[in-house]
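Trainee: data.txt is the file, holding compact mmCIF, C-alpha atoms:
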```txt
# COMPACT_ATOMS: atom_id res chain seq x y z
CA MET A 1 0.00 0.00 0.00
CA LEU A 2 1.32 3.43 -0.90
CA SER A 3 0.22 6.34 1.19
CA LEU A 4 0.30 9.95 0.12
CA THR A 5 1.85 12.65 2.28
CA PHE A 6 2.81 16.24 1.61
CA ALA A 7 5.91 17.95 2.92
CA ALA A 8 6.99 21.57 2.51
CA VAL A 9 10.69 20.93 2.24
CA LEU A 10 12.56 24.21 2.04
CA ALA A 11 16.16 22.96 2.31
CA ALA A 12 18.80 24.15 -0.15
CA LEU A 13 18.03 22.81 -3.61
CA ALA A 14 20.38 21.07 -6.04
CA GLN A 15 21.04 22.95 -9.28
CA ALA A 16 19.02 21.88 -12.34
CA PRO A 17 18.65 23.46 -15.76
CA VAL A 18 16.56 26.62 -15.83
CA GLN A 19 13.33 26.35 -17.79
CA ASP A 20 11.74 29.60 -18.73
CA ALA A 21 8.52 30.15 -20.66
CA PRO A 22 5.81 32.76 -21.01
CA ALA A 23 2.52 31.79 -19.46
CA PRO A 24 -0.94 33.26 -19.28
CA GLY A 25 -0.86 35.46 -16.22
CA GLY A 26 2.93 35.67 -16.08
CA LYS A 27 6.24 34.00 -16.72
CA ILE A 28 7.27 30.86 -14.80
CA GLU A 29 10.90 29.90 -14.29
CA VAL A 30 11.94 26.52 -12.93
CA LEU A 31 15.14 27.31 -11.06
CA GLN A 32 15.96 23.96 -9.47
CA SER A 33 14.48 20.52 -8.94
CA ARG A 34 15.42 17.45 -6.97
CA PHE A 35 14.21 14.12 -5.69
CA GLY A 36 15.18 12.32 -2.50
CA THR A 37 14.31 10.64 0.75
CA LEU A 38 12.56 12.48 3.55
CA GLY A 39 13.72 12.72 7.13
CA VAL A 40 13.80 15.10 10.06
CA ASP A 41 16.79 17.15 11.22
CA ALA A 42 17.90 17.74 14.83
CA GLU A 43 15.49 20.70 15.13
CA GLY A 44 12.53 18.61 13.96
CA ARG A 45 12.32 20.18 10.49
CA ASP A 46 11.57 18.10 7.39
CA ILE A 47 14.60 17.57 5.17
CA LEU A 48 14.98 16.14 1.70
CA THR A 49 18.21 14.24 1.08
CA PRO A 50 19.00 13.71 -2.62
CA ALA A 51 18.87 10.00 -3.48
CA THR A 52 18.42 7.62 -6.39
CA VAL A 53 17.56 4.67 -4.13
CA VAL A 54 14.70 4.61 -1.63
CA PRO A 55 14.93 1.90 1.03
CA LEU A 56 12.04 -0.58 0.83
CA LYS A 57 11.22 0.11 4.47
CA THR A 58 7.66 0.76 5.63
CA GLY A 59 7.26 4.43 6.54
CA GLN A 60 10.26 5.68 4.56
CA GLY A 61 9.28 9.00 3.00
CA TYR A 62 10.43 10.20 -0.40
CA GLY A 63 9.44 12.93 -2.79
CA TRP A 64 10.35 15.80 -5.04
CA GLU A 65 10.56 19.55 -4.88
CA VAL A 66 10.80 22.20 -7.54
CA LEU A 67 11.90 25.78 -6.94
CA VAL A 68 10.12 28.26 -9.20
CA ARG A 69 10.10 31.99 -9.78
CA THR A 70 6.86 33.59 -10.86
CA GLU A 71 4.58 36.50 -10.09
CA ARG A 72 1.54 34.28 -10.52
CA PRO A 73 -0.37 33.70 -7.26
CA THR A 74 -1.02 30.01 -7.97
CA LEU A 75 0.37 27.23 -10.14
CA LYS A 76 -1.13 23.98 -11.38
CA TRP A 77 0.93 20.84 -11.36
CA ARG A 78 0.36 17.23 -12.39
CA GLU A 79 2.34 14.22 -11.22
CA THR A 80 2.24 10.89 -13.04
CA PHE A 81 3.66 8.17 -10.79
CA VAL A 82 4.45 4.81 -12.41
CA LEU A 83 5.39 1.66 -10.47
CA PRO A 84 7.27 -1.38 -11.83
CA LYS A 85 4.40 -3.68 -10.75
CA PRO A 86 0.85 -3.09 -9.51
CA ALA A 87 0.51 -1.85 -5.94
CA SER A 88 -1.52 -4.05 -3.63
CA SER A 89 -3.20 -0.83 -2.48
CA TRP A 90 -2.44 2.83 -3.07
CA GLY A 91 -4.08 3.88 0.19
CA VAL A 92 -5.18 7.12 -1.48
CA THR A 93 -8.44 8.77 -0.50
CA ASP A 94 -7.71 12.21 -1.93
CA ALA A 95 -10.08 13.41 -4.65
CA GLY A 96 -7.12 14.90 -6.55
CA VAL A 97 -5.51 11.47 -7.10
CA ALA A 98 -6.65 8.97 -9.73
CA VAL A 99 -5.29 5.40 -9.82
CA SER A 100 -5.21 3.39 -13.05
CA GLU A 101 -7.20 0.16 -13.38
CA ASP A 102 -3.98 -1.88 -13.48
CA ALA A 103 -2.87 -0.27 -10.15
CA ARG A 104 0.53 0.70 -11.61
CA THR A 105 -0.06 4.43 -12.13
CA ALA A 106 -1.42 7.28 -10.04
CA ILE A 107 -2.04 10.77 -11.35
CA THR A 108 -2.14 13.64 -8.88
CA GLU A 109 -3.29 17.11 -9.88
CA ARG A 110 -3.09 20.18 -7.66
CA GLU A 111 -3.31 23.93 -7.79
CA VAL A 112 -1.05 25.45 -5.15
CA SER A 113 0.08 28.84 -3.91
CA ALA A 114 3.24 30.07 -5.62
CA ALA A 115 4.06 32.40 -2.71
CA THR A 116 6.95 30.30 -1.30
CA GLY A 117 8.36 29.45 -4.72
CA VAL A 118 8.47 25.76 -3.76
CA ILE A 119 6.24 23.04 -5.19
CA THR A 120 6.53 19.64 -3.56
CA ASN A 121 4.91 16.25 -3.22
CA ALA A 122 5.87 13.24 -1.16
CA TRP A 123 4.97 9.59 -0.64
CA GLN A 124 5.76 6.91 1.92
CA VAL A 125 6.79 3.32 1.42
CA ALA A 126 4.01 1.07 2.67
CA ASN A 127 3.85 -2.63 3.44
CA GLY A 128 3.53 -4.55 0.16
CA ASP A 129 5.00 -1.88 -2.13
CA PRO A 130 6.85 -3.46 -5.06
CA ALA A 131 10.62 -3.27 -5.40
CA GLY A 132 12.07 -1.95 -8.64
CA ARG A 133 12.33 1.17 -10.81
CA TYR A 134 9.79 3.93 -10.11
CA ILE A 135 9.16 6.94 -12.36
CA LEU A 136 7.69 10.30 -11.34
CA ARG A 137 6.81 12.72 -14.16
CA VAL A 138 6.01 16.25 -12.98
CA GLU A 139 4.37 18.88 -15.19
CA ILE A 140 4.04 22.43 -13.93
CA GLU A 141 1.59 24.41 -16.03
CA HIS A 142 2.76 24.28 -19.66
CA LEU A 143 6.47 23.68 -18.97
CA PRO A 144 8.39 20.58 -20.10
CA GLU A 145 8.12 17.54 -17.83
CA ILE A 146 10.58 17.04 -15.03
CA ILE A 147 11.29 13.31 -14.72
CA PHE A 148 12.61 11.57 -11.61
CA GLU A 149 13.60 7.90 -11.88
CA PHE A 150 14.65 5.98 -8.79
CA ASP A 151 14.87 2.47 -7.41
CA VAL A 152 13.01 1.17 -4.39
CA ARG A 153 14.86 -1.74 -2.82
```
As a first step, turn the structure in this file into structure tokens.
Mentor:
Amino acid sequence: MLSLTFAAVLAALAQAPVQDAPAPGGKIEVLQSRFGTLGVDAEGRDILTPATVVPLKTGQGYGWEVLVRTERPTLKWRETFVLPKPASSWGVTDAGVAVSEDARTAITEREVSAATGVITNAWQVANGDPAGRYILRVEIEHLPEIIFEFDVR
């Protein structure tokens, strides 16, 4: 079972190519993006540690964050999450998440405040999650996809 969580991870971000495009309502620049495992620092703050492997350990958090620059008040994003094998259960009750009939793909769509300049989404490893290569495709408005590939083992 996969369970959905959200974390506002505001740690320093790894450098990624800048994507810049005009948009209705204002320009959007993707300054940085990264994927990693989630933890808590000594002060109890959420931290994202860059990783390409997520331990197959129940409760292990992982996710992505994208740093953007825009004057727009909100941004829409869409995440397509593909598993190597069907999940026994996605554990998702959120109306903004749709799971495919074959239980291998979940699509999450959100509209979020752009005030912090950080867009993020996170998941947790749950009992029965499959091992293997996972793919997260993130689309922010009309910009090119940001793709995160990682192994869960």
Trainee: Could you check how far atom CA of His142 of chain A sits from atom CA of Lys76 of chain A, in Å to one decimal?
Mentor: 9.2 Å
Trainee: Check which residues of segment 35-81 of chain A sit at most 9 Å from segment 104-117 of chain A using all atoms listed in the file, and return one row each with the closest pair of atoms and their distance in Å to one decimal, ordered by chain and rising number, as JSON lines.
Mentor:
```
{"residue": "A:Val66", "atom": "CA", "partner": "A:Gly117", "partner_atom": "CA", "distance": 8.2}
{"residue": "A:Leu67", "atom": "CA", "partner": "A:Gly117", "partner_atom": "CA", "distance": 5.6}
{"residue": "A:Val68", "atom": "CA", "partner": "A:Gly117", "partner_atom": "CA", "distance": 5.0}
{"residue": "A:Arg69", "atom": "CA", "partner": "A:Gly117", "partner_atom": "CA", "distance": 5.9}
{"residue": "A:Thr70", "atom": "CA", "partner": "A:Ala114", "partner_atom": "CA", "distance": 7.3}
{"residue": "A:Glu71", "atom": "CA", "partner": "A:Ala114", "partner_atom": "CA", "distance": 7.9}
{"residue": "A:Arg72", "atom": "CA", "partner": "A:Ala114", "partner_atom": "CA", "distance": 6.7}
{"residue": "A:Pro73", "atom": "CA", "partner": "A:Ala114", "partner_atom": "CA", "distance": 5.4}
{"residue": "A:Thr74", "atom": "CA", "partner": "A:Ser113", "partner_atom": "CA", "distance": 4.4}
{"residue": "A:Leu75", "atom": "CA", "partner": "A:Glu111", "partner_atom": "CA", "distance": 5.5}
{"residue": "A:Lys76", "atom": "CA", "partner": "A:Glu111", "partner_atom": "CA", "distance": 4.2}
{"residue": "A:Trp77", "atom": "CA", "partner": "A:Arg110", "partner_atom": "CA", "distance": 5.5}
{"residue": "A:Arg78", "atom": "CA", "partner": "A:Glu109", "partner_atom": "CA", "distance": 4.4}
{"residue": "A:Glu79", "atom": "CA", "partner": "A:Thr108", "partner_atom": "CA", "distance": 5.1}
{"residue": "A:Thr80", "atom": "CA", "partner": "A:Ile107", "partner_atom": "CA", "distance": 4.6}
{"residue": "A:Phe81", "atom": "CA", "partner": "A:Ala106", "partner_atom": "CA", "distance": 5.2}
```
Trainee: Between atom CA of Val97 of chain A and atom CA of Ser33 of chain A, what is the spacing in Å?
Mentor: 22.0 Å
Trainee: How many Å lie between atom CA of Ser100 of chain A and atom CA of Gly39 of chain A, rounded to one decimal?
Mentor: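 Straight-line distance from atom CA of Ser100 of chain A to atom CA of Gly39 of chain A works out to 29.2 Å.
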Trainee: Quick one: of A:Val118, A:Lys85, A:Glu141, A:Pro50, who's nearest to Gln32 of chain A, counting all atoms listed in the file?
Mentor: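 Result for the nearest residue to Gln32 of chain A: A:Val118.
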Trainee: For Leu31 of chain A, which residue out of A:Glu65, A:Glu149, A:Glu139, A:Asp102 is the nearest one, using only C-alpha atoms?
Mentor: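 For Leu31 of chain A, the nearest of the given residues is A:Glu65.
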Trainee: For Val125 of chain A, which residue out of A:Gly36, A:Gly59, A:Pro86, A:Gly44 is the nearest one, using only C-alpha atoms?
Mentor: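 Checking each of A:Gly36, A:Gly59, A:Pro86, A:Gly44 against Val125 of chain A, counting only C-alpha atoms, the winner is A:Gly59.
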